[in-house]
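Following: one structure in structure tokens, then a few remarks.
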Amino acid sequence: MGTHRKFLVAVLFLSALGVHSQNFFNNHSANEEQRLDDLISKMTLDEKVDALGNNTRIPRLGIQASGSVEGLHGIVLGGPTYGERENTPTTVFPQAYGLGETWDTDLLYRVATYISTENRYLFQNAKYRKSGLIMWTPNVDLGRDPRWGRTEECYGEDAFLTSCLAVAFIKGIQGEHPKYWRNASLMKHFLSNSNECGRTYSSSDYSDKLFREYYSYPFYKGVTEGGSQTLMTAYNAYNGIPCIMHPVLRDVVMDEWGLKGTLLTDGGAFKLLLSAHKKFDNDRGAAAAACIKAGITKFLDEYKDAVYDALNRKLITEKDIDKAIRGNMWISLKLGLLDGSQDNPYSGIGVTDTVAPWNKPETKELVREATRKSVVLLKNKNNLLPLDKKKIKKIAVIGRRASEVLQDWYSGKPFYTVSVIDAIKEEAGNSIEVKYVESNKMDSARSVAAWADVAIVCVGNHPTCNAGWEQAPVIGEGKEAVDRQSIQLDQEELMLQVNKVNPNTVGVLISSFPYAINKADKQLPALVHLTNCSQELGHAVTDVLFGRYNPAGRLTQTWVKDINDLPHMMDYDITKGRTYMYFEKEPLYPFGYGLSYTDFEYSKVVVSDYEISKGDTLKVSFSLKNTGKFDGEEVVQLYISPHKRLSGEPIKQLKAFKRVFVRKGETVRVELEVPYSELQIWDETQDRFVLPNIKRKIGIGASSDDIRLNAVFRTL
């Protein structure tokens, strides 16, 4: 039976049941494609042009707008980006960079599930009726350079790690229901957007091999494995062509990967196509036509006049618009906005389930868990940490960051915050005296440090630079629209001065970026790192410092010793010494690095098959023993490297990891798997992924520079 005839039979059948054919697109039990056909056939041209914007509401047909909202580490309905506008408090987790440092896909899934549920609640609850169901998260741009102002938004420098975390986060946002989504996850910014200065006109240039294996890889996995069906394009150009109109949108993202939803421009990107990129000689109609033909389905700035001009000049047809908006309306269908179906499991959130999620005790515990899991122990000489409260009578807390829980451009407004000083006072109770000073004015920090048994110095960046747009008074700080001009920490000297008078000094670096804290690493006995923003920041710090939690966070970027160790900021060819895969100098801290209060022993590696061909999976197992005095987690990491490295090849590549809990004295057997697809390389002569016939090395260990076990295998 032909498609048209099937459609007619379905309409007649529904009519017999009392469902008018005019409302066929509302029928949740009908075929999705036929519903979309019916909907688009009923839309006027003006409604179709409206649907090319970020509002798919169609009042005449009773279709509610999906709306959109930022959600990198919580919903953004308040906070720094909202200024004096009315806002709504929401739950705030650590920055995405901190979530990445957990190396915990299960945790990211649970965090995203919570954020998504809270968002549905705010969207549907009668008291609020706020937010939107398309969530602009995650940011899967890669942190190829620590000077990038938006490093805080990414999961790190590695494409594989980022893809694993992103897939988990996307699944948490959208839910596991086969028919409906809790929210739609929009990945950003496609493609290779990791310089803020000049981003509106610069071009990110590199080989097709790097496009496939590095820059586009997290997006590819996010679509094909995570199920994301919406992308936001970047402001910049890629190999000379602005991303907003690049052929890869249709040729690769849509036709190869199978994205059938929305391709959205970034805010103001359409205007910048003409003004900054200087394309089309200010011909807005031609520009709009080029974007739509390339695959863009939604514009975030003024576009309607340009689209009508393109239609009038026959640069595009109404069928081109039908094709574009189909994906937008399909997203609305997946969100349940085209029907009131009783089988949508998310329709009752905030309606029948009216207990506010932020008031549930498990919410506070989840934020606290996520935050302490993100803490990275950088140094712990002579086991100064964890602190023994029985041996401490006086604690000095020093540094402005101890009294603040700062928010970034993409933070919400938290319901509450717990600062480090608040948490330390709570921990100390009545048995330990705590004194706090903000700075070393009049040598106050040195004085209080000399008085104390232990000194805790809290330093770090201000995520909005405490300044207006495109302003960063401290050159070591950055944010959206501002790249860092230094990787030095302006407050490092404070830690050094305190340590000079108190040998029991703990440095707490609360930062959105890596810093070249070479002197602090050399002189302080203990250092920890975590990111900004979490409403449970203070509790996470005290949980770690006082031994309630054994830290197991791991770095997701290479922390270099000197800014001169970095290639030119605008060189996007990472093979020229960028990231752990190609960096050949000695780092301050390597990719994947992080210490524990306990020790782990790796042994007895077994490789299931030493020859891997297409369709196979490399399976590696080994024994992991906790030989120390504390229960703890180890983030085991598996790297693949060439047996004989050729020019341009990576030194090593992360291909599997797992966060494993082991009780003290116990041994567990750990299994890691690498599917053959992760062992393929992009062959530019054949324009496809191939599995080369070569010998390769397996390295298993605690970081990219701490390999404990080795093996050799061959791909065929």
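Residues are referred to by chain and number: the chain letter is A, B, ... according to the order shown in the structure tokens, the number counts from 1 in that chain, and ligands are numbered separately from 1 in the order shown.
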Interface rows for stretch 66-162 of chain A against stretch 478-502 of chain A: nearest pair, Å to one decimal, 10 Å, only C-alpha atoms, as CSV:
```
residue,atom,partner,partner_atom,distance
A:Pro146,CA,A:Ile487,CA,7.8
A:Arg147,CA,A:Arg484,CA,4.8
A:Trp148,CA,A:Asp483,CA,5.0
A:Gly149,CA,A:Asp483,CA,4.2
A:Arg150,CA,A:Lys479,CA,5.3
A:Thr151,CA,A:Lys479,CA,8.0
A:Glu152,CA,A:Lys479,CA,8.0
A:Glu153,CA,A:Lys479,CA,9.4
```
Near stretch 63-71 of chain A, 9 Å: stretch 386-418 of chain A residue rows, closest pairs, only C-alpha atoms, as a tab-separated table:
```
residue	atom	partner	partner_atom	distance
A:Tyr410	CA	A:Glu70	CA	6.8
A:Ser411	CA	A:Gly71	CA	8.1
A:Gly412	CA	A:Gly71	CA	8.6
```
Task: strand (DSSP E or B) per DSSP on the backbone: members of stretch 21-187 of chain A, as a PyMOL selection string - done: chain A and resi 53+58+63+68-70+89+134-139+184-187
- [ ] Within stretch 279-426 of chain A, find each residue whose DSSP state, derived from the backbone, is helix (DSSP H, G or I), and express the selection as an MDAnalysis selection string.
- [x] chainID A and resid 280:282 284:294 304:312 318:334 357:359 361:373 381:383 389:391 400:403 420:426
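Near A:Thr265, within a cut-off of 10 Å and counting only C-alpha atoms, sit the residues Gly53, Asn54, Lys188, His189, Phe190, Leu231, Met232, Thr233, Ala234, Tyr235, Cys243, Ile244, Met245, Phe270, Cys291, Ile296, Thr297, Lys298, Phe299, Leu300 and Asp301 of chain A, with same-chain residues fewer than 5 positions away left out.
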Next, dump the selected residues to file, keeping only N, CA and C atoms, as a tab-separated table (two decimals), in the first residue's frame.
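Below is the file selection_37.tsv, written as the result:
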```tsv
chain	number	residue	atom	x	y	z
A	53	GLY	N	12.35	30.71	13.32
A	53	GLY	CA	12.94	31.40	14.46
A	53	GLY	C	12.93	30.50	15.68
A	54	ASN	N	13.37	31.04	16.81
A	54	ASN	CA	13.46	30.23	18.02
A	54	ASN	C	12.14	30.19	18.78
A	188	LYS	N	26.50	22.34	21.53
A	188	LYS	CA	27.09	23.53	20.95
A	188	LYS	C	28.61	23.49	21.16
A	189	HIS	N	29.37	24.24	20.37
A	189	HIS	CA	29.04	25.08	19.21
A	189	HIS	C	29.74	24.46	18.02
A	190	PHE	N	29.02	24.05	17.04
A	190	PHE	CA	29.57	23.35	15.89
A	190	PHE	C	30.11	24.39	14.88
A	231	LEU	N	21.69	20.92	17.16
A	231	LEU	CA	23.02	21.50	17.27
A	231	LEU	C	22.93	23.01	17.11
A	232	MET	N	23.84	23.72	17.78
A	232	MET	CA	24.01	25.15	17.55
A	232	MET	C	25.32	25.34	16.81
A	233	THR	N	25.29	26.12	15.75
A	233	THR	CA	26.52	26.39	15.00
A	233	THR	C	27.33	27.48	15.68
A	234	ALA	N	28.62	27.50	15.37
A	234	ALA	CA	29.55	28.45	15.97
A	234	ALA	C	29.61	29.74	15.15
A	235	TYR	N	30.13	30.80	15.78
A	235	TYR	CA	30.31	32.08	15.09
A	235	TYR	C	31.41	32.01	14.04
A	243	CYS	N	30.72	28.74	9.77
A	243	CYS	CA	30.03	27.51	10.20
A	243	CYS	C	28.53	27.58	9.95
A	244	ILE	N	27.97	28.78	9.99
A	244	ILE	CA	26.53	28.95	9.81
A	244	ILE	C	26.06	28.53	8.42
A	245	MET	N	26.99	28.44	7.47
A	245	MET	CA	26.61	28.08	6.09
A	245	MET	C	27.54	27.02	5.50
A	270	PHE	N	23.64	35.34	12.19
A	270	PHE	CA	23.22	35.66	10.82
A	270	PHE	C	23.68	37.06	10.44
A	291	CYS	N	22.18	29.90	4.05
A	291	CYS	CA	22.08	29.23	5.35
A	291	CYS	C	21.06	28.10	5.30
A	296	ILE	N	20.64	25.06	7.93
A	296	ILE	CA	20.13	25.80	9.07
A	296	ILE	C	18.60	25.72	9.09
A	297	THR	N	18.03	25.44	10.27
A	297	THR	CA	16.58	25.35	10.39
A	297	THR	C	16.00	26.40	11.35
A	298	LYS	N	16.89	27.07	12.12
A	298	LYS	CA	16.43	28.12	13.04
A	298	LYS	C	17.45	29.24	13.09
A	299	PHE	N	16.93	30.47	13.12
A	299	PHE	CA	17.76	31.66	13.28
A	299	PHE	C	17.50	32.28	14.65
A	300	LEU	N	18.59	32.80	15.26
A	300	LEU	CA	18.45	33.41	16.57
A	300	LEU	C	18.47	34.94	16.53
A	301	ASP	N	18.50	35.53	15.34
A	301	ASP	CA	18.40	36.98	15.26
A	301	ASP	C	17.47	37.36	14.12
```
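Put simply, atom CA of A:Tyr220 is 16.8 Å away from atom CA of A:Gly156.
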Polymer residues at most 12 Å from A:Gly62, only C-alpha atoms, same-chain spacing of 3 or more positions, as an mmCIF file with N, CA and C atoms, in the first residue's frame:
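Produced file around_17.cif, reproduced below:
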```
data_model
loop_
_atom_site.group_PDB
_atom_site.id
_atom_site.type_symbol
_atom_site.label_atom_id
_atom_site.label_comp_id
_atom_site.auth_asym_id
_atom_site.auth_seq_id
_atom_site.Cartn_x
_atom_site.Cartn_y
_atom_site.Cartn_z
ATOM 1 N N ASN A 23 -7.327 17.554 12.880
ATOM 2 C CA ASN A 23 -6.442 17.427 14.032
ATOM 3 C C ASN A 23 -5.597 16.161 13.971
ATOM 4 N N PHE A 25 -2.570 15.702 13.138
ATOM 5 C CA PHE A 25 -1.213 15.836 13.676
ATOM 6 C C PHE A 25 -1.187 15.752 15.198
ATOM 7 N N ASN A 26 -2.373 15.882 15.848
ATOM 8 C CA ASN A 26 -2.457 15.738 17.303
ATOM 9 C C ASN A 26 -2.537 14.279 17.749
ATOM 10 N N LEU A 39 0.635 18.478 9.647
ATOM 11 C CA LEU A 39 0.860 19.767 10.305
ATOM 12 C C LEU A 39 1.382 20.812 9.326
ATOM 13 N N MET A 43 -0.100 24.712 7.835
ATOM 14 C CA MET A 43 0.544 25.968 8.224
ATOM 15 C C MET A 43 0.549 26.960 7.062
ATOM 16 N N THR A 56 8.539 27.968 18.052
ATOM 17 C CA THR A 56 7.699 27.132 17.198
ATOM 18 C C THR A 56 6.238 27.131 17.655
ATOM 19 N N ARG A 57 5.835 28.172 18.324
ATOM 20 C CA ARG A 57 4.443 28.301 18.768
ATOM 21 C C ARG A 57 3.551 28.646 17.577
ATOM 22 N N ILE A 58 2.432 27.943 17.472
ATOM 23 C CA ILE A 58 1.451 28.226 16.420
ATOM 24 C C ILE A 58 0.086 28.346 17.086
ATOM 25 N N PRO A 59 -0.292 29.544 17.538
ATOM 26 C CA PRO A 59 -1.543 29.719 18.290
ATOM 27 C C PRO A 59 -2.773 29.231 17.536
ATOM 28 N N ALA A 65 4.714 26.745 22.338
ATOM 29 C CA ALA A 65 6.130 26.942 22.038
ATOM 30 C C ALA A 65 6.981 26.010 22.880
ATOM 31 N N LEU A 337 4.552 18.239 22.559
ATOM 32 C CA LEU A 337 3.837 19.516 22.434
ATOM 33 C C LEU A 337 2.789 19.516 21.327
ATOM 34 N N LEU A 338 2.715 18.433 20.564
ATOM 35 C CA LEU A 338 1.684 18.346 19.529
ATOM 36 C C LEU A 338 0.497 17.514 19.984
ATOM 37 N N ASP A 339 0.559 17.012 21.197
ATOM 38 C CA ASP A 339 -0.554 16.211 21.699
ATOM 39 C C ASP A 339 -0.574 16.265 23.217
ATOM 40 N N GLY A 340 -1.656 15.812 23.786
ATOM 41 C CA GLY A 340 -1.784 15.741 25.241
ATOM 42 C C GLY A 340 -1.823 14.305 25.686
#
```
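Using only C-alpha atoms, the nearest neighbour of A:Lys652 within the list A:Ile432, A:Ile325, A:Ile707, A:Ala126 is A:Ile707.
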